[in-house]
>>> print(open('data.txt').read())   # compact mmCIF, C-alpha atoms and all ligand atoms
# COMPACT_ATOMS: atom_id res chain seq x y z
CA MET A 1 7.71 35.60 -20.22
CA THR A 2 5.64 33.79 -22.83
CA THR A 3 1.98 34.31 -23.37
CA PRO A 4 -0.49 31.55 -24.25
CA ALA A 5 -1.50 31.12 -27.86
CA ALA A 6 -5.03 32.34 -27.23
CA ARG A 7 -3.73 35.59 -25.92
CA THR A 8 -1.31 36.14 -28.78
CA ALA A 9 -4.12 35.80 -31.26
CA THR A 10 -5.74 38.99 -30.02
CA PRO A 11 -5.05 41.94 -32.32
CA ALA A 12 -2.30 44.28 -31.29
CA PRO A 13 -3.34 47.70 -29.96
CA SER A 14 -4.09 50.01 -32.87
CA GLU A 15 -2.10 53.10 -33.59
CA SER A 16 -5.15 55.31 -33.86
CA PRO A 17 -8.13 54.09 -31.81
CA ALA A 18 -10.25 56.99 -33.00
CA GLY A 19 -9.88 55.87 -36.62
CA ASP A 20 -10.96 52.35 -35.77
CA LEU A 21 -14.00 53.69 -34.00
CA ALA A 22 -14.92 55.67 -37.05
CA LEU A 23 -14.77 52.50 -39.13
CA GLY A 24 -17.20 50.84 -36.71
CA LYS A 25 -14.69 48.22 -35.58
CA GLU A 26 -14.68 46.83 -32.12
CA LEU A 27 -12.40 48.73 -29.84
CA PRO A 28 -9.65 46.43 -28.61
CA MET A 29 -8.66 46.60 -24.98
CA ALA A 30 -5.70 48.85 -24.82
CA ASP A 31 -4.19 47.69 -21.57
CA GLN A 32 -5.16 44.05 -21.64
CA PRO A 33 -3.24 42.31 -18.88
CA ALA A 34 -1.01 39.67 -20.33
CA VAL A 35 -1.57 36.65 -18.11
CA PRO A 36 1.60 34.66 -17.68
CA PHE A 37 1.46 31.06 -18.79
CA VAL A 38 2.72 29.67 -15.47
CA GLU A 39 -0.02 31.46 -13.63
CA ILE A 40 -2.64 29.95 -15.92
CA GLU A 41 -1.22 26.50 -15.50
CA THR A 42 -1.14 26.96 -11.74
CA LEU A 43 -4.78 27.89 -11.83
CA ARG A 44 -5.59 24.81 -13.87
CA VAL A 45 -3.72 22.57 -11.48
CA LYS A 46 -5.48 24.19 -8.58
CA GLU A 47 -8.77 23.30 -10.20
CA PHE A 48 -7.61 19.81 -11.06
CA ILE A 49 -6.42 18.81 -7.63
CA PRO A 50 -9.77 18.95 -5.79
CA ALA A 51 -11.54 17.24 -8.70
CA ALA A 52 -8.96 14.48 -8.75
CA LYS A 53 -9.15 14.26 -4.99
CA GLU A 54 -12.91 13.89 -5.15
CA ALA A 55 -12.78 11.25 -7.88
CA LEU A 56 -10.12 9.33 -6.02
CA SER A 57 -11.86 9.50 -2.69
CA SER A 58 -15.19 8.41 -4.19
CA LEU A 59 -13.36 5.51 -5.85
CA VAL A 60 -11.75 4.62 -2.56
CA ALA A 61 -15.06 5.01 -0.78
CA GLU A 62 -16.81 2.80 -3.31
CA GLN A 63 -14.20 0.12 -3.17
CA GLY A 64 -13.87 0.44 0.56
CA GLN A 65 -17.62 0.22 0.92
CA ALA A 66 -17.76 -2.91 -1.21
CA ARG A 67 -14.63 -4.62 0.09
CA VAL A 68 -14.24 -3.51 3.67
CA ILE A 69 -17.21 -1.84 5.28
CA ARG A 70 -20.01 -3.97 3.79
CA PRO A 71 -18.37 -7.32 4.63
CA VAL A 72 -17.68 -6.15 8.16
CA PHE A 73 -21.26 -4.99 8.61
CA ASN A 74 -22.60 -8.19 7.06
CA TRP A 75 -20.39 -10.25 9.33
CA ALA A 76 -21.59 -8.34 12.37
CA GLY A 77 -25.21 -8.45 11.26
CA ARG A 78 -25.43 -12.13 10.53
CA ASN A 79 -23.75 -13.09 13.77
CA SER A 80 -26.07 -11.05 15.94
CA LEU A 81 -29.56 -11.62 14.54
CA PHE A 82 -31.91 -10.51 17.27
CA PRO A 83 -35.43 -11.84 16.61
CA LEU A 84 -38.51 -10.27 18.08
CA HIS A 85 -39.59 -12.27 21.11
CA TRP A 86 -43.23 -13.04 20.49
CA GLY A 87 -45.51 -15.95 19.71
CA LEU A 88 -48.62 -16.11 17.59
CA ALA A 89 -49.78 -19.74 17.70
CA CYS A 90 -48.54 -23.32 18.10
CA CYS A 91 -45.30 -22.69 16.14
CA ALA A 92 -44.27 -20.39 18.99
CA ILE A 93 -43.77 -23.51 21.14
CA GLU A 94 -41.13 -24.77 18.71
CA PHE A 95 -39.67 -21.27 18.56
CA ALA A 96 -39.37 -21.29 22.33
CA ALA A 97 -37.90 -24.80 22.33
CA GLY A 98 -35.25 -23.62 19.87
CA PHE A 99 -33.92 -21.23 22.49
CA GLY A 100 -33.90 -23.85 25.23
CA ALA A 101 -30.95 -25.90 26.39
CA ARG A 102 -31.41 -28.64 23.83
CA TRP A 103 -31.17 -26.66 20.57
CA ASP A 104 -29.64 -23.49 22.00
CA ALA A 105 -30.09 -21.04 19.12
CA GLU A 106 -28.07 -18.52 21.08
CA ARG A 107 -24.84 -20.15 19.93
CA PHE A 108 -25.55 -18.54 16.53
CA GLY A 109 -25.90 -15.16 18.14
CA VAL A 110 -29.69 -15.32 17.95
CA VAL A 111 -31.07 -13.69 21.07
CA PRO A 112 -34.80 -12.88 21.33
CA ARG A 113 -35.44 -9.27 22.20
CA SER A 114 -38.69 -8.12 23.74
CA SER A 115 -38.77 -4.76 21.99
CA PRO A 116 -39.04 -4.27 18.22
CA ARG A 117 -36.61 -1.36 18.54
CA GLN A 118 -33.86 -3.79 19.51
CA ALA A 119 -34.82 -6.50 17.02
CA ASP A 120 -33.66 -6.86 13.43
CA LEU A 121 -35.37 -10.16 12.63
CA MET A 122 -39.07 -10.96 12.83
CA ILE A 123 -39.88 -14.66 12.99
CA VAL A 124 -43.61 -14.91 12.30
CA ASN A 125 -44.30 -18.07 14.27
CA GLY A 126 -47.95 -18.87 13.84
CA THR A 127 -51.31 -18.06 12.36
CA VAL A 128 -51.84 -14.40 11.50
CA THR A 129 -55.45 -13.26 11.56
CA TRP A 130 -56.76 -10.18 9.82
CA LYS A 131 -57.57 -8.73 13.21
CA VAL A 132 -53.93 -8.84 14.31
CA ALA A 133 -52.50 -7.97 10.88
CA HIS A 134 -52.13 -4.24 11.38
CA LYS A 135 -50.42 -4.81 14.72
CA LEU A 136 -47.91 -7.05 12.95
CA ILE A 137 -47.27 -4.29 10.41
CA THR A 138 -46.83 -1.78 13.22
CA LEU A 139 -44.27 -4.03 14.91
CA TYR A 140 -42.45 -4.50 11.61
CA GLU A 141 -42.30 -0.77 11.05
CA GLN A 142 -40.99 -0.18 14.55
CA MET A 143 -37.97 -2.38 13.89
CA ALA A 144 -34.78 -0.56 12.90
CA GLU A 145 -33.26 -1.03 9.44
CA PRO A 146 -31.83 -3.33 8.21
CA LYS A 147 -34.50 -5.88 9.08
CA TRP A 148 -35.49 -9.34 7.93
CA VAL A 149 -38.58 -11.52 8.18
CA ILE A 150 -38.78 -15.30 8.44
CA ALA A 151 -42.17 -16.93 7.86
CA MET A 152 -42.10 -19.96 10.15
CA GLY A 153 -44.57 -22.76 9.53
CA ASN A 154 -47.29 -23.36 6.99
CA CYS A 155 -49.62 -20.79 8.53
CA ALA A 156 -47.23 -17.89 8.11
CA THR A 157 -46.15 -19.16 4.71
CA GLY A 158 -49.56 -19.58 3.11
CA GLY A 159 -52.33 -19.83 5.65
CA GLY A 160 -51.68 -23.50 6.42
CA PRO A 161 -54.69 -25.57 7.46
CA PHE A 162 -56.72 -22.37 7.89
CA ARG A 163 -56.15 -21.07 4.38
CA THR A 164 -59.85 -20.85 3.51
CA ALA A 165 -60.93 -19.58 6.91
CA TYR A 166 -62.71 -16.28 7.12
CA SER A 167 -60.29 -14.72 9.54
CA VAL A 168 -56.80 -15.90 8.58
CA VAL A 169 -54.27 -14.03 6.44
CA PRO A 170 -53.24 -16.49 3.68
CA GLY A 171 -49.52 -15.94 4.03
CA VAL A 172 -47.74 -13.22 5.92
CA ASP A 173 -46.08 -12.02 2.68
CA LYS A 174 -49.37 -10.22 2.02
CA LEU A 175 -48.37 -7.88 4.83
CA VAL A 176 -44.56 -7.65 5.06
CA PRO A 177 -41.68 -8.71 2.77
CA VAL A 178 -40.48 -12.20 3.69
CA ASP A 179 -36.86 -13.35 3.23
CA VAL A 180 -37.00 -17.02 4.25
CA TYR A 181 -39.91 -19.46 4.38
CA ILE A 182 -39.80 -22.51 6.65
CA ALA A 183 -42.20 -25.37 5.86
CA GLY A 184 -43.73 -27.63 8.46
CA CYS A 185 -46.67 -27.78 10.81
CA PRO A 186 -44.93 -27.06 13.06
CA PRO A 187 -41.33 -27.01 11.81
CA ARG A 188 -38.99 -28.65 14.28
CA PRO A 189 -36.48 -26.40 16.03
CA GLU A 190 -33.78 -27.79 13.73
CA ALA A 191 -35.78 -26.51 10.77
CA MET A 192 -36.03 -23.11 12.41
CA LEU A 193 -32.26 -23.07 12.94
CA ASP A 194 -31.81 -24.09 9.31
CA GLY A 195 -33.96 -21.17 8.25
CA ILE A 196 -31.87 -18.81 10.36
CA LEU A 197 -28.67 -20.17 8.79
CA LYS A 198 -30.21 -19.68 5.33
CA LEU A 199 -30.91 -16.09 6.27
CA GLU A 200 -27.30 -15.72 7.42
CA GLN A 201 -26.24 -16.89 3.97
CA LEU A 202 -28.46 -14.22 2.42
CA ILE A 203 -26.94 -11.55 4.63
CA ARG A 204 -23.41 -12.71 3.71
CA GLU A 205 -24.20 -11.99 0.05
CA ARG A 206 -25.84 -8.67 0.77
CA LYS A 207 -24.50 -5.83 -1.41
CA GLU A 208 -26.16 -2.69 -0.12
CA MET B 209 -84.24 -25.73 41.20
CA GLN B 210 -86.54 -27.58 38.82
CA PRO B 211 -88.35 -26.34 35.68
CA ASP B 212 -91.64 -26.27 37.63
CA ASP B 213 -90.15 -23.93 40.23
CA LEU B 214 -88.87 -21.69 37.47
CA ALA B 215 -92.27 -21.58 35.78
CA ARG B 216 -93.99 -20.76 39.08
CA THR B 217 -91.77 -17.72 39.58
CA LEU B 218 -91.63 -16.56 35.97
CA SER B 219 -95.14 -16.94 34.58
CA PRO B 220 -96.91 -14.43 36.88
CA LYS B 221 -94.31 -11.78 36.09
CA LEU B 222 -93.97 -12.32 32.36
CA GLY B 223 -97.41 -13.52 31.27
CA ASP B 224 -97.52 -14.50 27.61
CA LEU B 225 -94.00 -13.27 26.98
CA LEU B 226 -92.93 -16.58 28.48
CA LEU B 227 -93.25 -19.36 25.91
CA GLY B 228 -92.36 -22.29 28.12
CA VAL B 229 -89.96 -23.86 30.56
CA GLU B 230 -88.46 -27.24 29.66
CA PRO B 231 -86.03 -29.52 31.41
CA PHE B 232 -82.52 -29.33 30.04
CA GLU B 233 -79.74 -31.71 30.90
CA GLY B 234 -77.09 -30.32 33.24
CA MET B 235 -79.01 -27.11 33.85
CA ALA B 236 -81.89 -25.88 35.93
CA GLY B 237 -83.99 -25.70 32.80
CA ARG B 238 -84.49 -24.04 29.49
CA VAL B 239 -86.65 -20.91 29.42
CA ARG B 240 -88.06 -19.93 26.04
CA PHE B 241 -89.38 -16.39 25.77
CA ARG B 242 -90.55 -13.79 23.26
CA ARG B 243 -87.86 -11.27 22.41
CA GLU B 244 -90.10 -8.36 23.50
CA GLY B 245 -89.85 -9.57 27.09
CA ALA B 246 -86.08 -9.96 27.12
CA LEU B 247 -85.20 -7.21 29.59
CA ASP B 248 -88.05 -8.07 32.01
CA LEU B 249 -87.02 -11.69 31.98
CA PHE B 250 -83.37 -10.88 32.57
CA ARG B 251 -84.21 -8.71 35.58
CA VAL B 252 -86.47 -11.36 37.12
CA VAL B 253 -83.90 -14.09 36.50
CA ARG B 254 -81.14 -12.03 38.08
CA ASP B 255 -83.01 -10.49 41.04
CA ASP B 256 -85.70 -13.05 41.92
CA LEU B 257 -84.05 -16.29 40.85
CA SER B 258 -80.52 -15.23 41.94
CA PHE B 259 -78.79 -16.01 38.62
CA THR B 260 -76.31 -13.21 39.14
CA HIS B 261 -73.71 -14.17 36.57
CA LEU B 262 -74.11 -14.42 32.79
CA SER B 263 -71.57 -16.87 31.50
CA MET B 264 -72.28 -16.74 27.80
CA VAL B 265 -74.39 -15.42 24.97
CA GLY B 266 -74.52 -17.12 21.61
CA GLY B 267 -76.55 -17.50 18.48
CA VAL B 268 -77.64 -20.21 16.07
CA ASP B 269 -78.70 -19.79 12.46
CA TRP B 270 -81.69 -22.07 11.76
CA VAL B 271 -81.99 -20.67 8.19
CA ASP B 272 -85.66 -19.62 8.53
CA HIS B 273 -85.01 -17.92 11.86
CA ARG B 274 -82.15 -17.31 14.24
CA GLU B 275 -81.94 -18.19 17.89
CA VAL B 276 -80.16 -16.23 20.60
CA PHE B 277 -79.38 -18.01 23.83
CA TYR B 278 -78.04 -16.92 27.19
CA VAL B 279 -76.49 -19.10 29.90
CA ALA B 280 -76.77 -17.69 33.41
CA TRP B 281 -75.15 -19.07 36.56
CA SER B 282 -76.33 -18.85 40.12
CA ASP B 283 -73.74 -18.93 42.87
CA SER B 284 -76.26 -19.75 45.58
CA LEU B 285 -78.04 -22.53 43.65
CA ARG B 286 -74.86 -23.69 41.91
CA GLN B 287 -76.86 -24.23 38.72
CA TYR B 288 -76.89 -22.99 35.18
CA LEU B 289 -80.00 -21.71 33.43
CA LEU B 290 -80.52 -21.57 29.68
CA LEU B 291 -82.62 -18.75 28.23
CA SER B 292 -83.40 -18.73 24.55
CA THR B 293 -85.43 -16.67 22.13
CA ASP B 294 -86.15 -16.83 18.41
CA VAL B 295 -85.66 -13.84 16.15
CA PRO B 296 -86.83 -13.67 12.53
CA ALA B 297 -84.07 -13.82 9.92
CA GLU B 298 -85.36 -10.66 8.21
CA ASP B 299 -85.19 -8.58 11.37
CA PRO B 300 -82.58 -10.16 13.63
CA ARG B 301 -82.52 -7.92 16.69
CA VAL B 302 -83.05 -8.29 20.39
CA GLU B 303 -82.65 -6.06 23.43
CA SER B 304 -79.14 -6.03 24.87
CA ALA B 305 -78.61 -7.75 28.22
CA SER B 306 -75.61 -5.64 29.09
CA SER B 307 -77.66 -3.26 31.26
CA VAL B 308 -78.62 -6.22 33.47
CA TRP B 309 -75.44 -8.30 33.26
CA PRO B 310 -72.44 -6.14 32.19
CA SER B 311 -70.59 -9.31 31.15
CA ALA B 312 -72.98 -9.62 28.20
CA ASN B 313 -71.15 -6.79 26.44
CA TRP B 314 -68.39 -8.71 24.65
CA HIS B 315 -70.51 -11.85 24.15
CA GLU B 316 -73.10 -9.79 22.32
CA ARG B 317 -70.46 -8.14 20.18
CA GLU B 318 -69.23 -11.59 19.21
CA THR B 319 -72.76 -12.86 18.51
CA TRP B 320 -73.46 -9.79 16.41
CA GLU B 321 -70.41 -10.15 14.19
CA LEU B 322 -70.55 -13.93 13.78
CA VAL B 323 -74.30 -14.64 13.58
CA GLY B 324 -75.52 -11.22 12.53
CA VAL B 325 -77.99 -10.63 15.36
CA SER B 326 -78.03 -7.00 16.34
CA PHE B 327 -78.52 -5.91 19.97
CA ASP B 328 -80.55 -2.80 20.70
CA HIS B 329 -79.18 -0.30 23.22
CA HIS B 330 -75.83 -2.02 23.32
CA PRO B 331 -73.26 0.47 24.69
CA ASP B 332 -70.48 -0.42 22.24
CA LEU B 333 -71.45 -2.66 19.33
CA ARG B 334 -68.09 -2.92 17.51
CA HIS B 335 -66.24 -5.82 15.88
CA LEU B 336 -64.55 -8.03 18.44
CA LEU B 337 -62.84 -10.88 16.57
CA THR B 338 -62.96 -9.76 12.96
CA PRO B 339 -61.30 -6.61 11.64
CA ASP B 340 -63.17 -3.31 11.48
CA GLY B 341 -65.29 -3.01 8.38
CA TYR B 342 -65.51 -6.78 7.91
CA ALA B 343 -68.54 -7.32 5.68
CA PHE B 344 -69.49 -10.94 6.44
CA HIS B 345 -71.23 -12.81 9.25
CA PRO B 346 -69.15 -15.99 8.99
CA LEU B 347 -71.25 -18.35 11.15
CA LEU B 348 -74.36 -17.91 9.03
CA ARG B 349 -75.19 -20.94 6.93
CA SER B 350 -75.29 -18.78 3.81
CA PHE B 351 -71.60 -17.93 4.26
CA LYS B 352 -69.41 -19.89 1.84
CA LEU B 353 -65.79 -20.77 2.49
CA HIS B 354 -63.94 -18.91 -0.19
CA GLU B 355 -60.50 -18.82 -1.64
CA PRO B 356 -58.64 -16.31 0.46
CA GLU B 357 -59.52 -12.86 -0.62
CA GLU B 358 -57.45 -10.04 0.56
CA LEU B 359 -59.02 -7.70 2.98
CA GLU B 360 -57.69 -4.25 3.05
CA VAL B 361 -55.56 -3.89 6.08
CA LYS B 362 -54.04 -0.58 6.84
CA SER B 363 -51.35 -0.09 9.35
CA ARG B 364 -52.20 2.61 11.78
CA HIS B 365 -48.87 4.27 11.18
CA VAL B 366 -48.59 4.21 7.37
S1 LIG C 1 -48.13 -24.10 10.91
FE1 LIG C 1 -49.15 -25.65 12.17
S2 LIG C 1 -48.04 -25.58 14.14
FE2 LIG C 1 -47.56 -23.66 13.03
S3 LIG C 1 -49.05 -22.17 13.75
FE3 LIG C 1 -49.90 -23.11 11.91
S4 LIG C 1 -51.17 -24.80 12.67
FE4 LIG C 1 -49.80 -24.19 14.32
>>> encode(input="data.txt", output="structure tokens")
Amino acid sequence: MTTPAARTATPAPSESPAGDLALGKELPMADQPAVPFVEIETLRVKEFIPAAKEALSSLVAEQGQARVIRPVFNWAGRNSLFPLHWGLACCAIEFAAGFGARWDAERFGVVPRSSPRQADLMIVNGTVTWKVAHKLITLYEQMAEPKWVIAMGNCATGGGPFRTAYSVVPGVDKLVPVDVYIAGCPPRPEAMLDGILKLEQLIRERKE
Amino acid sequence: MQPDDLARTLSPKLGDLLLGVEPFEGMAGRVRFRREGALDLFRVVRDDLSFTHLSMVGGVDWVDHREVFYVAWSDSLRQYLLLSTDVPAEDPRVESASSVWPSANWHERETWELVGVSFDHHPDLRHLLTPDGYAFHPLLRSFKLHEPEELEVKSRHV
């Protein structure tokens, strides 16, 4: 049986321990267990395996997250955008028309939901007043993550024709983060669908 | 009912609190009164003249003074009646009509926040159309349209 180099470097047991003591030297361990090399290496390997396992699994998880799970979630998310079913002003008429038989937004998986808990997209379709602003924020906060906001029409984008009015929020991005802006007063339903497809493009490129 | 009929009923009960009754197109007439006699006038108009429904309350800013007007409707006469009173701009207040006509409640809240006329003994004088803590009376002529300034809006759940 061989001993590791570190162990061999220790001084051999002295002939007369009492004499060493008298000289003030450190007393060496008389019966120091000689650890066999194989045992040491086994211990090292035993330590190495879980660490390697962890590194490997985190690498796999990272890559899997980026290459498998995220694309699958993005694919599912962008094909089932459920907007909140509400209307604020005249743009809501175009919003409603977009879900009718003629434009049929449902073919893109866009189904209006009446509860913010079931919605992951908020289409702000109309003029937002300061009086209703905190209710809009409440609705936004009630939506489950991940969530997106589309500002539909000039009013939601920047206040529109009522920008200088005393009661109108000049752009809904003062209240909630907006992903896509749609211009128009009102935007036609095609424009709304275009905005939704732009948002789908954003979700396709989503990383985290 | 004609303005003369109105004056015949109103002037003995109100005395000099009544400033005049004029014809007004599409209505039974226009009654102008001093703001001290507001509640008496409202009671007489509702009980004796049968104008049981108040359809609106509003205000006008005439710069040197403000005017508060009330439009009452009578089901039996099928006529409207316009009541109006002037309040000074330095002390814009008048007695609330909501103890006589409960429907005055929200109209007076709106008049208060937009024209800045305050209503005494109103049960619940809060903002109706503008957010709580809104510092302006936007329908006053001194109010300037401004570049949008952000009002602090707090979500109830933040
Ligand atoms: S953008 Fe035009 S159509 Fe849309 S809510 Fe504003 S005023 Fe109405």
>>> closest_residue(input="data.txt", among="A:Gly98, A:Pro71, A:Gly77, A:Gly171", to="ligand LIG 1 (chain C)", atoms="only C-alpha atoms and all ligand atoms")
A:Gly171
>>> closest_atom_pairs(input="data.txt", of="stretch 45-90 of chain A", to="stretch 106-125 of chain A", cutoff="9 Å", atoms="only C-alpha atoms", output="JSON lines")
{"residue": "A:Gly77", "atom": "CA", "partner": "A:Asp120", "partner_atom": "CA", "distance": 8.9}
{"residue": "A:Arg78", "atom": "CA", "partner": "A:Gly109", "partner_atom": "CA", "distance": 8.2}
{"residue": "A:Asn79", "atom": "CA", "partner": "A:Gly109", "partner_atom": "CA", "distance": 5.3}
{"residue": "A:Ser80", "atom": "CA", "partner": "A:Gly109", "partner_atom": "CA", "distance": 4.7}
{"residue": "A:Leu81", "atom": "CA", "partner": "A:Val110", "partner_atom": "CA", "distance": 5.0}
{"residue": "A:Phe82", "atom": "CA", "partner": "A:Ala119", "partner_atom": "CA", "distance": 5.0}
{"residue": "A:Pro83", "atom": "CA", "partner": "A:Leu121", "partner_atom": "CA", "distance": 4.3}
{"residue": "A:Leu84", "atom": "CA", "partner": "A:Arg113", "partner_atom": "CA", "distance": 5.2}
{"residue": "A:His85", "atom": "CA", "partner": "A:Pro112", "partner_atom": "CA", "distance": 4.8}
{"residue": "A:Trp86", "atom": "CA", "partner": "A:Ser114", "partner_atom": "CA", "distance": 7.4}
{"residue": "A:Gly87", "atom": "CA", "partner": "A:Asn125", "partner_atom": "CA", "distance": 6.0}
{"residue": "A:Leu88", "atom": "CA", "partner": "A:Asn125", "partner_atom": "CA", "distance": 5.8}
{"residue": "A:Ala89", "atom": "CA", "partner": "A:Asn125", "partner_atom": "CA", "distance": 6.7}
{"residue": "A:Cys90", "atom": "CA", "partner": "A:Asn125", "partner_atom": "CA", "distance": 7.8}
>>> residues_near_ligand(input="data.txt", ligand="ligand LIG 1 (chain C)", cutoff="8 Å", atoms="all atoms listed in the file", output="PyMOL selection string")
chain A and resi 88-92+125-127+152-156+159-162+183-187
>>> residues_around(input="data.txt", residues="B:Leu353", least_positions_apart="4", cutoff="8 Å", atoms="only C-alpha atoms", output="list in words")
Thr164, Ala165 and Tyr166 of chain A
>>> atom_distance(input="data.txt", atom1="atom CA of B:His315", atom2="atom CA of A:Leu136")
25.7 Å
>>> interface_residues(input="data.txt", of="chain A", to="chain B", cutoff="9 Å", atoms="all atoms listed in the file", output="number ranges by chain")
A: 129-138, 141, 159, 163-170, 174-175
>>> closest_residue(input="data.txt", among="A:Gly100, A:Pro36, A:Gly158, A:Pro146", to="A:Glu208", atoms="only C-alpha atoms")
A:Pro146
>>> residues_around(input="data.txt", residues="B:Val279", least_positions_apart="5", cutoff="10 Å", atoms="all atoms listed in the file", output="JSON, numbers by chain")
{"B": [235, 238, 259, 261, 262, 263, 264, 265, 266, 288, 289, 290, 291, 292]}
>>> atom_distance(input="data.txt", atom1="atom CA of A:Trp103", atom2="atom CA of A:Ala144")
27.4 Å
>>> atom_distance(input="data.txt", atom1="atom CA of B:Asp299", atom2="atom CA of B:Leu348")
14.5 Å
>>> residues_around(input="data.txt", residues="stretch 177-181 of chain A", least_positions_apart="3", cutoff="6 Å", atoms="only C-alpha atoms", output="ChimeraX atom specification")
/A:149-151,173
>>> residues_around(input="data.txt", residues="B:Phe241", least_positions_apart="6", cutoff="6 Å", atoms="only C-alpha atoms", output="compact mmCIF listing (two decimals) with C-alpha atoms, in the frame of the given file")
# COMPACT_ATOMS: atom_id res chain seq x y z
CA LEU B 225 -94.00 -13.27 26.98
CA LEU B 226 -92.93 -16.58 28.48
CA LEU B 227 -93.25 -19.36 25.91
CA THR B 293 -85.43 -16.67 22.13
>>> build_atoms(input="data.txt", residues="stretch 33-46 of chain A", atoms="N, CA, C and O atoms", output="tab-separated table (two decimals), keeping the file's coordinate frame")
chain	number	residue	atom	x	y	z
A	33	PRO	N	-4.34	42.89	-19.65
A	33	PRO	CA	-3.24	42.31	-18.88
A	33	PRO	C	-2.81	41.01	-19.52
A	33	PRO	O	-3.63	40.14	-19.82
A	34	ALA	N	-1.55	40.90	-19.77
A	34	ALA	CA	-1.01	39.67	-20.33
A	34	ALA	C	-0.82	38.68	-19.19
A	34	ALA	O	-0.03	38.90	-18.30
A	35	VAL	N	-1.64	37.60	-19.23
A	35	VAL	CA	-1.57	36.65	-18.11
A	35	VAL	C	-0.43	35.69	-18.39
A	35	VAL	O	-0.37	35.08	-19.44
A	36	PRO	N	0.47	35.55	-17.46
A	36	PRO	CA	1.60	34.66	-17.68
A	36	PRO	C	1.15	33.20	-17.73
A	36	PRO	O	0.20	32.81	-17.05
A	37	PHE	N	1.82	32.45	-18.56
A	37	PHE	CA	1.46	31.06	-18.79
A	37	PHE	C	1.51	30.25	-17.50
A	37	PHE	O	0.61	29.46	-17.19
A	38	VAL	N	2.54	30.45	-16.71
A	38	VAL	CA	2.72	29.67	-15.47
A	38	VAL	C	1.54	29.88	-14.54
A	38	VAL	O	0.99	28.95	-13.95
A	39	GLU	N	1.11	31.15	-14.52
A	39	GLU	CA	-0.02	31.46	-13.63
A	39	GLU	C	-1.27	30.69	-14.06
A	39	GLU	O	-2.00	30.12	-13.25
A	40	ILE	N	-1.48	30.67	-15.38
A	40	ILE	CA	-2.64	29.95	-15.92
A	40	ILE	C	-2.56	28.48	-15.56
A	40	ILE	O	-3.53	27.89	-15.06
A	41	GLU	N	-1.36	27.92	-15.80
A	41	GLU	CA	-1.22	26.50	-15.50
A	41	GLU	C	-1.42	26.23	-14.02
A	41	GLU	O	-2.05	25.26	-13.62
A	42	THR	N	-0.96	27.12	-13.18
A	42	THR	CA	-1.14	26.96	-11.74
A	42	THR	C	-2.62	26.94	-11.41
A	42	THR	O	-3.10	26.12	-10.62
A	43	LEU	N	-3.34	27.86	-12.08
A	43	LEU	CA	-4.78	27.89	-11.83
A	43	LEU	C	-5.44	26.57	-12.22
A	43	LEU	O	-6.26	26.03	-11.50
A	44	ARG	N	-5.01	26.08	-13.40
A	44	ARG	CA	-5.59	24.81	-13.87
A	44	ARG	C	-5.32	23.69	-12.89
A	44	ARG	O	-6.20	22.89	-12.57
A	45	VAL	N	-4.09	23.63	-12.43
A	45	VAL	CA	-3.72	22.57	-11.48
A	45	VAL	C	-4.52	22.71	-10.20
A	45	VAL	O	-5.02	21.73	-9.63
A	46	LYS	N	-4.71	23.97	-9.80
A	46	LYS	CA	-5.48	24.19	-8.58
A	46	LYS	C	-6.92	23.70	-8.74
A	46	LYS	O	-7.54	23.26	-7.77
